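Structure data follow from work37.cif (mmCIF, C-alpha atoms):
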```cif
data_model
#
loop_
_atom_site.group_PDB
_atom_site.id
_atom_site.type_symbol
_atom_site.label_atom_id
_atom_site.label_comp_id
_atom_site.auth_asym_id
_atom_site.auth_seq_id
_atom_site.Cartn_x
_atom_site.Cartn_y
_atom_site.Cartn_z
ATOM 1 C CA LEU T 1 8.288 -20.981 -14.938
ATOM 2 C CA LYS T 2 10.434 -22.257 -12.079
ATOM 3 C CA ALA T 3 11.295 -20.167 -9.057
ATOM 4 C CA LYS T 4 13.079 -20.747 -5.789
ATOM 5 C CA HIS T 5 10.846 -18.213 -4.023
ATOM 6 C CA ILE T 6 7.615 -16.437 -4.911
ATOM 7 C CA VAL T 7 6.799 -13.086 -3.307
ATOM 8 C CA PHE T 8 3.205 -11.903 -3.582
ATOM 9 C CA CYS T 9 2.895 -8.105 -3.838
ATOM 10 C CA GLU T 10 -0.651 -7.721 -5.061
ATOM 11 C CA GLY T 11 -2.230 -5.021 -2.956
ATOM 12 C CA TYR T 12 -5.935 -5.456 -2.331
ATOM 13 C CA GLY T 13 -5.857 -8.419 -4.740
ATOM 14 C CA LEU T 14 -4.541 -10.390 -1.758
ATOM 15 C CA LYS T 15 -8.198 -10.955 -0.813
ATOM 16 C CA LYS T 16 -8.367 -13.501 -3.683
ATOM 17 C CA ASN T 17 -4.935 -15.071 -3.101
ATOM 18 C CA PRO T 18 -5.419 -18.776 -2.280
ATOM 19 C CA TRP T 19 -2.359 -18.870 0.027
ATOM 20 C CA PHE T 20 -2.589 -15.580 1.917
ATOM 21 C CA SER T 21 -6.277 -14.620 1.870
ATOM 22 C CA TYR T 22 -6.540 -15.595 5.549
ATOM 23 C CA LEU T 23 -4.647 -12.438 6.512
ATOM 24 C CA PRO T 24 -6.852 -9.570 7.801
ATOM 25 C CA LEU T 25 -6.492 -7.189 4.885
ATOM 26 C CA THR T 26 -9.454 -4.808 5.082
ATOM 27 C CA GLY T 27 -8.708 -2.317 2.322
ATOM 28 C CA SER T 28 -9.675 1.317 2.112
ATOM 29 C CA LYS T 29 -10.575 3.379 -0.899
ATOM 30 C CA GLY T 30 -8.406 6.301 -1.809
ATOM 31 C CA GLU T 31 -9.080 8.838 -4.521
ATOM 32 C CA PHE T 32 -6.217 10.678 -6.186
ATOM 33 C CA LEU T 33 -5.406 13.247 -8.828
ATOM 34 C CA HIS T 34 -2.705 13.679 -11.416
ATOM 35 C CA ILE T 35 -1.921 17.369 -11.796
ATOM 36 C CA ARG T 36 0.352 19.543 -13.902
ATOM 37 C CA ALA T 37 2.071 22.277 -11.907
ATOM 38 C CA LYS T 38 5.004 24.294 -13.192
ATOM 39 C CA GLY T 39 7.458 25.333 -10.509
ATOM 40 C CA LEU T 40 6.711 22.515 -8.078
ATOM 41 C CA THR T 41 9.767 20.505 -7.015
ATOM 42 C CA THR T 42 10.326 17.110 -8.612
ATOM 43 C CA LYS T 43 13.107 16.180 -6.195
ATOM 44 C CA ALA T 44 11.029 15.135 -3.175
ATOM 45 C CA ILE T 45 7.734 13.724 -2.001
ATOM 46 C CA ILE T 46 5.716 16.341 -0.135
ATOM 47 C CA LYS T 47 3.766 14.974 2.837
ATOM 48 C CA GLY T 48 1.117 16.825 4.787
ATOM 49 C CA ASP T 49 -2.656 16.461 4.573
ATOM 50 C CA LEU T 50 -1.865 15.028 1.153
ATOM 51 C CA PHE T 51 1.015 13.331 -0.555
ATOM 52 C CA ILE T 52 2.344 15.153 -3.592
ATOM 53 C CA VAL T 53 4.565 12.754 -5.516
ATOM 54 C CA PRO T 54 6.535 13.644 -8.648
ATOM 55 C CA ILE T 55 5.758 11.457 -11.678
ATOM 56 C CA ALA T 56 7.547 13.394 -14.417
ATOM 57 C CA GLU T 57 8.514 16.979 -15.113
ATOM 58 C CA ASP T 58 5.576 19.155 -14.004
ATOM 59 C CA LEU T 59 3.374 16.052 -13.460
ATOM 60 C CA PHE T 60 2.418 14.917 -9.946
ATOM 61 C CA TRP T 61 0.308 12.312 -8.173
ATOM 62 C CA VAL T 62 -1.766 13.889 -5.378
ATOM 63 C CA GLY T 63 -3.659 11.900 -2.819
ATOM 64 C CA ALA T 64 -5.378 10.498 -1.208
ATOM 65 C CA SER T 65 -8.802 10.497 0.329
ATOM 66 C CA PHE T 66 -9.813 7.688 2.676
ATOM 67 C CA THR T 67 -12.961 5.618 3.122
ATOM 68 C CA ARG T 68 -13.437 2.088 4.421
ATOM 69 C CA GLU T 69 -17.030 1.628 3.264
ATOM 70 C CA ASP T 70 -16.766 2.005 -0.525
ATOM 71 C CA LYS T 71 -14.637 -0.777 -2.064
ATOM 72 C CA THR T 72 -15.138 0.266 -5.690
ATOM 73 C CA PRO T 73 -12.316 1.783 -7.733
ATOM 74 C CA LYS T 74 -14.691 4.437 -9.098
ATOM 75 C CA PRO T 75 -13.833 8.097 -8.398
ATOM 76 C CA THR T 76 -16.515 10.333 -6.877
ATOM 77 C CA ALA T 77 -17.360 14.023 -7.060
ATOM 78 C CA ALA T 78 -17.074 14.239 -3.261
ATOM 79 C CA GLY T 79 -13.595 12.702 -3.335
ATOM 80 C CA LYS T 80 -12.416 15.143 -5.998
ATOM 81 C CA LYS T 81 -13.882 18.089 -4.088
ATOM 82 C CA TRP T 82 -12.034 17.025 -0.911
ATOM 83 C CA LEU T 83 -8.728 16.596 -2.772
ATOM 84 C CA LEU T 84 -9.026 19.971 -4.497
ATOM 85 C CA SER T 85 -9.884 21.673 -1.209
ATOM 86 C CA LYS T 86 -6.749 20.269 0.458
ATOM 87 C CA LEU T 87 -4.588 20.941 -2.594
ATOM 88 C CA ASN T 88 -5.749 24.566 -2.840
ATOM 89 C CA GLN T 89 -4.792 25.051 0.826
ATOM 90 C CA ARG T 90 -1.339 23.560 0.211
ATOM 91 C CA LEU T 91 -0.303 25.005 -3.174
ATOM 92 C CA LYS T 92 0.057 28.661 -3.944
ATOM 93 C CA ILE T 93 0.834 28.067 -7.616
ATOM 94 C CA PRO T 94 -1.592 27.290 -10.457
ATOM 95 C CA PHE T 95 -2.191 23.672 -11.426
ATOM 96 C CA ASP T 96 -4.367 21.707 -13.832
ATOM 97 C CA VAL T 97 -6.080 18.423 -13.039
ATOM 98 C CA VAL T 98 -5.070 15.864 -15.666
ATOM 99 C CA TYR T 99 -6.741 12.796 -14.193
ATOM 100 C CA HIS T 100 -8.952 11.802 -11.259
ATOM 101 C CA GLY T 101 -8.852 8.173 -10.172
ATOM 102 C CA ALA T 102 -9.472 5.835 -7.282
ATOM 103 C CA ALA T 103 -8.052 2.565 -5.989
ATOM 104 C CA ILE T 104 -8.313 0.297 -2.985
ATOM 105 C CA ARG T 105 -5.209 0.536 -0.834
ATOM 106 C CA PRO T 106 -4.158 -2.605 1.038
ATOM 107 C CA THR T 107 -4.757 -1.650 4.652
ATOM 108 C CA VAL T 108 -4.552 -4.125 7.520
ATOM 109 C CA GLN T 109 -6.715 -4.158 10.646
ATOM 110 C CA ASP T 110 -3.737 -3.242 12.873
ATOM 111 C CA ARG T 111 -2.440 -0.682 10.323
ATOM 112 C CA ARG T 112 0.908 -2.478 9.935
ATOM 113 C CA PRO T 113 2.458 -4.065 6.828
ATOM 114 C CA LEU T 114 2.360 -7.785 6.091
ATOM 115 C CA LEU T 115 5.776 -9.408 5.533
ATOM 116 C CA GLY T 116 6.746 -13.026 5.881
ATOM 117 C CA VAL T 117 6.563 -16.635 4.811
ATOM 118 C CA HIS T 118 3.481 -18.805 4.430
ATOM 119 C CA PRO T 119 2.991 -21.018 7.518
ATOM 120 C CA GLN T 120 2.832 -24.173 5.384
ATOM 121 C CA TYR T 121 4.567 -23.450 2.045
ATOM 122 C CA LYS T 122 8.029 -22.166 2.902
ATOM 123 C CA ASN T 123 8.823 -20.850 -0.586
ATOM 124 C CA LEU T 124 5.804 -18.470 -0.643
ATOM 125 C CA PHE T 125 6.258 -14.985 0.762
ATOM 126 C CA ILE T 126 4.124 -11.905 1.222
ATOM 127 C CA PHE T 127 4.979 -8.214 0.840
ATOM 128 C CA ASN T 128 1.737 -6.329 1.312
ATOM 129 C CA GLY T 129 -0.412 -4.108 3.492
ATOM 130 C CA LEU T 130 1.671 -0.977 3.050
ATOM 131 C CA GLY T 131 -1.451 1.190 2.937
ATOM 132 C CA THR T 132 -0.996 4.945 2.859
ATOM 133 C CA ARG T 133 2.626 4.950 3.977
ATOM 134 C CA GLY T 134 3.859 2.510 1.347
ATOM 135 C CA ALA T 135 5.824 5.095 -0.581
ATOM 136 C CA MET T 136 7.751 6.040 2.525
ATOM 137 C CA MET T 137 8.175 2.556 4.028
ATOM 138 C CA GLY T 138 8.593 0.422 0.904
ATOM 139 C CA PRO T 139 12.379 0.627 0.538
ATOM 140 C CA LEU T 140 13.075 -0.356 4.159
ATOM 141 C CA LEU T 141 10.426 -3.087 4.182
ATOM 142 C CA SER T 142 11.789 -4.605 0.980
ATOM 143 C CA GLN T 143 15.251 -4.731 2.543
ATOM 144 C CA TRP T 144 13.847 -6.472 5.617
ATOM 145 C CA LEU T 145 12.051 -9.060 3.490
ATOM 146 C CA TYR T 146 15.140 -9.648 1.351
ATOM 147 C CA THR T 147 17.351 -10.302 4.385
ATOM 148 C CA PHE T 148 14.623 -12.523 5.846
ATOM 149 C CA ILE T 149 14.492 -14.659 2.697
ATOM 150 C CA GLU T 150 18.155 -14.712 1.716
ATOM 151 C CA ARG T 151 19.957 -14.413 5.055
ATOM 152 C CA LYS T 152 17.343 -15.906 7.419
ATOM 153 C CA LYS T 153 17.327 -12.737 9.533
ATOM 154 C CA GLU T 154 14.150 -12.403 11.614
ATOM 155 C CA LEU T 155 11.572 -9.819 10.631
ATOM 156 C CA PRO T 156 10.518 -7.192 13.181
ATOM 157 C CA THR T 157 7.484 -8.547 15.013
ATOM 158 C CA GLU T 158 5.448 -5.440 14.132
ATOM 159 C CA VAL T 159 5.385 -6.420 10.434
ATOM 160 C CA ALA T 160 5.770 -10.219 10.513
ATOM 161 C CA ILE T 161 2.654 -12.138 9.491
ATOM 162 C CA ASP T 162 3.307 -14.546 12.376
ATOM 163 C CA ARG T 163 1.221 -12.127 14.446
ATOM 164 C CA PHE T 164 -1.810 -13.547 12.604
ATOM 165 C CA GLU T 165 -0.869 -17.224 12.864
ATOM 166 C CA THR T 166 -4.162 -18.078 14.584
ATOM 167 C CA TYR T 167 -5.992 -16.680 11.543
ATOM 168 C CA PHE T 168 -4.327 -19.404 9.461
ATOM 169 C CA SER T 169 -4.949 -22.257 11.872
ATOM 170 C CA ASN T 170 -8.552 -21.179 12.649
ATOM 171 C CA PRO T 171 -9.778 -19.517 9.446
ATOM 172 C CA LYS T 172 -13.130 -17.741 9.413
ATOM 173 C CA LYS T 173 -15.408 -19.295 6.798
#
```

In structure tokens, write the structure found in this file.
Amino acid sequence: LKAKHIVFCEGYGLKKNPWFSYLPLTGSKGEFLHIRAKGLTTKAIIKGDLFIVPIAEDLFWVGASFTREDKTPKPTAAGKKWLLSKLNQRLKIPFDVVYHGAAIRPTVQDRRPLLGVHPQYKNLFIFNGLGTRGAMMGPLLSQWLYTFIERKKELPTEVAIDRFETYFSNPKK
């Protein structure tokens, strides 16, 4: 496979990336549900204490809880209880839980996304660290990265990985 550019979008897997593992991705566990709910809109993402995201007709992703300590993708009874408590406060229509899962979201120590080019290998790029707000920020961030790569337009300093340049030049072992 030959490529002009490679963009790494690997979530918490970044921790094992040989080119970008120096970045301060901390990760946080989030538990989520898939529910069936007739009568709930499939035209928008609902944001409050929880996200409610349409997947298909009458099927929704609901999440997510938050913990920094547990880095396992195993769902817990406590996580499900918290999600159901919040969901019961939000929805006034019946729903069925179809699935309960967990994952590690790619959070960064300063709670900002990671976009940019590797300090040494100029054809390697990163699109990561979207954390909880990824669904809302993803489209704009992808546009920024595209114009950075293809049109050489600078990235906003708040998301550019240059802010962690000293992490690359003085890595913690």

Closest atom pairs, region 47-67 of chain T residues within 10 Å of region 94-110 of chain T, only C-alpha atoms, as a tab-separated table:
```
residue	atom	partner	partner_atom	distance
T:Asp58	CA	T:Phe95	CA	9.3
T:Leu59	CA	T:Val98	CA	8.7
T:Phe60	CA	T:Val98	CA	9.5
T:Trp61	CA	T:Tyr99	CA	9.3
T:Val62	CA	T:His100	CA	9.5
T:Gly63	CA	T:Ala102	CA	9.5
T:Ala64	CA	T:Ala102	CA	8.7
T:Ser65	CA	T:Ala102	CA	9.0
T:Phe66	CA	T:Arg105	CA	9.2
T:Thr67	CA	T:Ile104	CA	9.3
```

Go ahead and save the picked residues with C-alpha atoms, as an mmCIF file, in the coordinates of the input.
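Resulting contents of again.cif:
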```cif
data_model
loop_
_atom_site.group_PDB
_atom_site.id
_atom_site.type_symbol
_atom_site.label_atom_id
_atom_site.label_comp_id
_atom_site.auth_asym_id
_atom_site.auth_seq_id
_atom_site.Cartn_x
_atom_site.Cartn_y
_atom_site.Cartn_z
ATOM 1 C CA ASP T 58 5.576 19.155 -14.004
ATOM 2 C CA LEU T 59 3.374 16.052 -13.460
ATOM 3 C CA PHE T 60 2.418 14.917 -9.946
ATOM 4 C CA TRP T 61 0.308 12.312 -8.173
ATOM 5 C CA VAL T 62 -1.766 13.889 -5.378
ATOM 6 C CA GLY T 63 -3.659 11.900 -2.819
ATOM 7 C CA ALA T 64 -5.378 10.498 -1.208
ATOM 8 C CA SER T 65 -8.802 10.497 0.329
ATOM 9 C CA PHE T 66 -9.813 7.688 2.676
ATOM 10 C CA THR T 67 -12.961 5.618 3.122
#
```

What residues come out when you apply the PyMOL selection byres ((chain T and resi 6) around 10) to this file, written as a list in words?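 Selected by the PyMOL selection byres ((chain T and resi 6) around 10) in this file: Lys2, Ala3, Lys4, His5, Val7, Phe8, Cys9, Val117, Lys122, Asn123, Leu124, Phe125 and Ile126 of chain T.
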
Might you spell out which residues the PyMOL selection byres ((chain T and resi 128) around 7) would select in the displayed file, as a PDB file with C-alpha atoms, in the coordinates of the input?
```
ATOM      1  CA  CYS T   9       2.895  -8.105  -3.838  1.00  0.00           C
ATOM      2  CA  GLU T  10      -0.651  -7.721  -5.061  1.00  0.00           C
ATOM      3  CA  GLY T  11      -2.230  -5.021  -2.956  1.00  0.00           C
ATOM      4  CA  PRO T 106      -4.158  -2.605   1.038  1.00  0.00           C
ATOM      5  CA  PRO T 113       2.458  -4.065   6.828  1.00  0.00           C
ATOM      6  CA  LEU T 114       2.360  -7.785   6.091  1.00  0.00           C
ATOM      7  CA  LEU T 115       5.776  -9.408   5.533  1.00  0.00           C
ATOM      8  CA  ILE T 126       4.124 -11.905   1.222  1.00  0.00           C
ATOM      9  CA  PHE T 127       4.979  -8.214   0.840  1.00  0.00           C
ATOM     10  CA  GLY T 129      -0.412  -4.108   3.492  1.00  0.00           C
ATOM     11  CA  LEU T 130       1.671  -0.977   3.050  1.00  0.00           C
TER      12      LEU T 130
END
```

Apply the PyMOL selection byres ((chain T and resi 140) around 12) to the structure shown and report the selected residues as an mmCIF file with C-alpha atoms, in the coordinates of the input.
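Dumped to result14.cif:
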```
data_model
loop_
_atom_site.group_PDB
_atom_site.id
_atom_site.type_symbol
_atom_site.label_atom_id
_atom_site.label_comp_id
_atom_site.auth_asym_id
_atom_site.auth_seq_id
_atom_site.Cartn_x
_atom_site.Cartn_y
_atom_site.Cartn_z
ATOM 1 C CA PRO T 113 2.458 -4.065 6.828
ATOM 2 C CA LEU T 115 5.776 -9.408 5.533
ATOM 3 C CA PHE T 127 4.979 -8.214 0.840
ATOM 4 C CA LEU T 130 1.671 -0.977 3.050
ATOM 5 C CA ARG T 133 2.626 4.950 3.977
ATOM 6 C CA GLY T 134 3.859 2.510 1.347
ATOM 7 C CA ALA T 135 5.824 5.095 -0.581
ATOM 8 C CA MET T 136 7.751 6.040 2.525
ATOM 9 C CA MET T 137 8.175 2.556 4.028
ATOM 10 C CA GLY T 138 8.593 0.422 0.904
ATOM 11 C CA PRO T 139 12.379 0.627 0.538
ATOM 12 C CA LEU T 141 10.426 -3.087 4.182
ATOM 13 C CA SER T 142 11.789 -4.605 0.980
ATOM 14 C CA GLN T 143 15.251 -4.731 2.543
ATOM 15 C CA TRP T 144 13.847 -6.472 5.617
ATOM 16 C CA LEU T 145 12.051 -9.060 3.490
ATOM 17 C CA TYR T 146 15.140 -9.648 1.351
ATOM 18 C CA THR T 147 17.351 -10.302 4.385
ATOM 19 C CA LEU T 155 11.572 -9.819 10.631
ATOM 20 C CA PRO T 156 10.518 -7.192 13.181
ATOM 21 C CA VAL T 159 5.385 -6.420 10.434
#
```

Which distance in Å separates CA of Ala77 (chain T) and CA of Ile46 (chain T), to one decimal? 24.2 Å

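Of note, CA of Leu50 (chain T) and CA of Thr76 (chain T) are spaced 17.4 Å apart.
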
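The spacing separating CA of Ala78 (chain T) from CA of Lys38 (chain T) amounts to 26.2 Å.
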
Centre and size of axis-aligned box enclosing region 24-37 of chain T plus 8 Å each side, as JSON:
```
{"center_x": -4.3, "center_y": 6.4, "center_z": -3.1, "size_x": 28.6, "size_y": 47.8, "size_z": 37.7}
```

For Lys74 (chain T), which of T:His118, T:Gly30, T:Arg151, T:Tyr12 is the closest residue, counting all atoms listed in the file?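 Of the candidates, the smallest distance to Lys74 (chain T) is held by T:Gly30.
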
Skip Ile55 (chain T) itself and residues of its chain fewer than 5 positions away, then list as a list in words all residues within 12 Å of it, counting all atoms listed in the file. Leu33, His34, Ile35, Arg36, Ala37, Leu40, Thr41, Thr42, Lys43, Ala44, Ile45, Phe60, Trp61 and Val62 of chain T

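Distances here use all atoms listed in the file; by that measure, the residue among T:Asp49, T:Glu158, T:Glu150, T:Glu31 closest to Leu87 (chain T) is T:Asp49.
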
Atoms added to region 55-82 of chain T (N, CA and C atoms), reported as a JSON list (two decimals), in the frame of the given file:
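Okay, result-v7.json is ready:
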```json
[["chain", "number", "residue", "atom", "x", "y", "z"],
["T", 55, "ILE", "N", 5.84, 12.55, -10.71],
["T", 55, "ILE", "CA", 5.76, 11.46, -11.68],
["T", 55, "ILE", "C", 6.72, 11.73, -12.82],
["T", 56, "ALA", "N", 6.69, 12.95, -13.31],
["T", 56, "ALA", "CA", 7.55, 13.39, -14.42],
["T", 56, "ALA", "C", 7.65, 14.91, -14.28],
["T", 57, "GLU", "N", 8.38, 15.53, -15.20],
["T", 57, "GLU", "CA", 8.51, 16.98, -15.11],
["T", 57, "GLU", "C", 7.14, 17.64, -15.17],
["T", 58, "ASP", "N", 6.84, 18.42, -14.14],
["T", 58, "ASP", "CA", 5.58, 19.16, -14.00],
["T", 58, "ASP", "C", 4.34, 18.27, -13.82],
["T", 59, "LEU", "N", 4.50, 16.96, -13.66],
["T", 59, "LEU", "CA", 3.37, 16.05, -13.46],
["T", 59, "LEU", "C", 3.49, 15.38, -12.09],
["T", 60, "PHE", "N", 2.39, 15.40, -11.33],
["T", 60, "PHE", "CA", 2.42, 14.92, -9.95],
["T", 60, "PHE", "C", 1.19, 14.08, -9.63],
["T", 61, "TRP", "N", 1.39, 13.10, -8.75],
["T", 61, "TRP", "CA", 0.31, 12.31, -8.17],
["T", 61, "TRP", "C", -0.03, 12.98, -6.84],
["T", 62, "VAL", "N", -1.31, 13.23, -6.60],
["T", 62, "VAL", "CA", -1.77, 13.89, -5.38],
["T", 62, "VAL", "C", -2.84, 13.01, -4.73],
["T", 63, "GLY", "N", -2.64, 12.70, -3.47],
["T", 63, "GLY", "CA", -3.66, 11.90, -2.82],
["T", 63, "GLY", "C", -3.36, 11.71, -1.35],
["T", 64, "ALA", "N", -4.15, 11.07, -0.68],
["T", 64, "ALA", "CA", -5.38, 10.50, -1.21],
["T", 64, "ALA", "C", -6.45, 10.62, -0.13],
["T", 65, "SER", "N", -7.67, 10.52, -0.61],
["T", 65, "SER", "CA", -8.80, 10.50, 0.33],
["T", 65, "SER", "C", -8.83, 9.13, 1.00],
["T", 66, "PHE", "N", -9.77, 8.94, 1.91],
["T", 66, "PHE", "CA", -9.81, 7.69, 2.68],
["T", 66, "PHE", "C", -11.25, 7.34, 3.03],
["T", 67, "THR", "N", -11.68, 6.14, 2.66],
["T", 67, "THR", "CA", -12.96, 5.62, 3.12],
["T", 67, "THR", "C", -12.87, 4.10, 3.21],
["T", 68, "ARG", "N", -13.44, 3.55, 4.24],
["T", 68, "ARG", "CA", -13.44, 2.09, 4.42],
["T", 68, "ARG", "C", -14.68, 1.43, 3.82],
["T", 69, "GLU", "N", -15.75, 2.20, 3.67],
["T", 69, "GLU", "CA", -17.03, 1.63, 3.26],
["T", 69, "GLU", "C", -17.08, 1.28, 1.78],
["T", 70, "ASP", "N", -16.68, 2.18, 0.93],
["T", 70, "ASP", "CA", -16.77, 2.00, -0.52],
["T", 70, "ASP", "C", -15.54, 1.23, -1.01],
["T", 71, "LYS", "N", -15.75, 0.04, -1.56],
["T", 71, "LYS", "CA", -14.64, -0.78, -2.06],
["T", 71, "LYS", "C", -14.63, -0.83, -3.59],
["T", 72, "THR", "N", -15.17, 0.21, -4.23],
["T", 72, "THR", "CA", -15.14, 0.27, -5.69],
["T", 72, "THR", "C", -14.03, 1.21, -6.13],
["T", 73, "PRO", "N", -13.38, 0.90, -7.25],
["T", 73, "PRO", "CA", -12.32, 1.78, -7.73],
["T", 73, "PRO", "C", -12.85, 2.94, -8.59],
["T", 74, "LYS", "N", -14.07, 3.37, -8.32],
["T", 74, "LYS", "CA", -14.69, 4.44, -9.10],
["T", 74, "LYS", "C", -14.54, 5.77, -8.37],
["T", 75, "PRO", "N", -13.97, 6.79, -9.04],
["T", 75, "PRO", "CA", -13.83, 8.10, -8.40],
["T", 75, "PRO", "C", -15.20, 8.76, -8.20],
["T", 76, "THR", "N", -15.26, 9.65, -7.20],
["T", 76, "THR", "CA", -16.52, 10.33, -6.88],
["T", 76, "THR", "C", -16.31, 11.84, -6.90],
["T", 77, "ALA", "N", -17.40, 12.55, -7.09],
["T", 77, "ALA", "CA", -17.36, 14.02, -7.06],
["T", 77, "ALA", "C", -16.93, 14.50, -5.67],
["T", 78, "ALA", "N", -17.42, 13.85, -4.63],
["T", 78, "ALA", "CA", -17.07, 14.24, -3.26],
["T", 78, "ALA", "C", -15.57, 14.04, -3.01],
["T", 79, "GLY", "N", -15.03, 12.95, -3.50],
["T", 79, "GLY", "CA", -13.60, 12.70, -3.34],
["T", 79, "GLY", "C", -12.76, 13.75, -4.03],
["T", 80, "LYS", "N", -13.14, 14.12, -5.25],
["T", 80, "LYS", "CA", -12.42, 15.14, -6.00],
["T", 80, "LYS", "C", -12.51, 16.50, -5.29],
["T", 81, "LYS", "N", -13.69, 16.82, -4.80],
["T", 81, "LYS", "CA", -13.88, 18.09, -4.09],
["T", 81, "LYS", "C", -12.96, 18.15, -2.87],
["T", 82, "TRP", "N", -12.89, 17.06, -2.09],
["T", 82, "TRP", "CA", -12.03, 17.02, -0.91],
["T", 82, "TRP", "C", -10.57, 17.20, -1.30]]
```
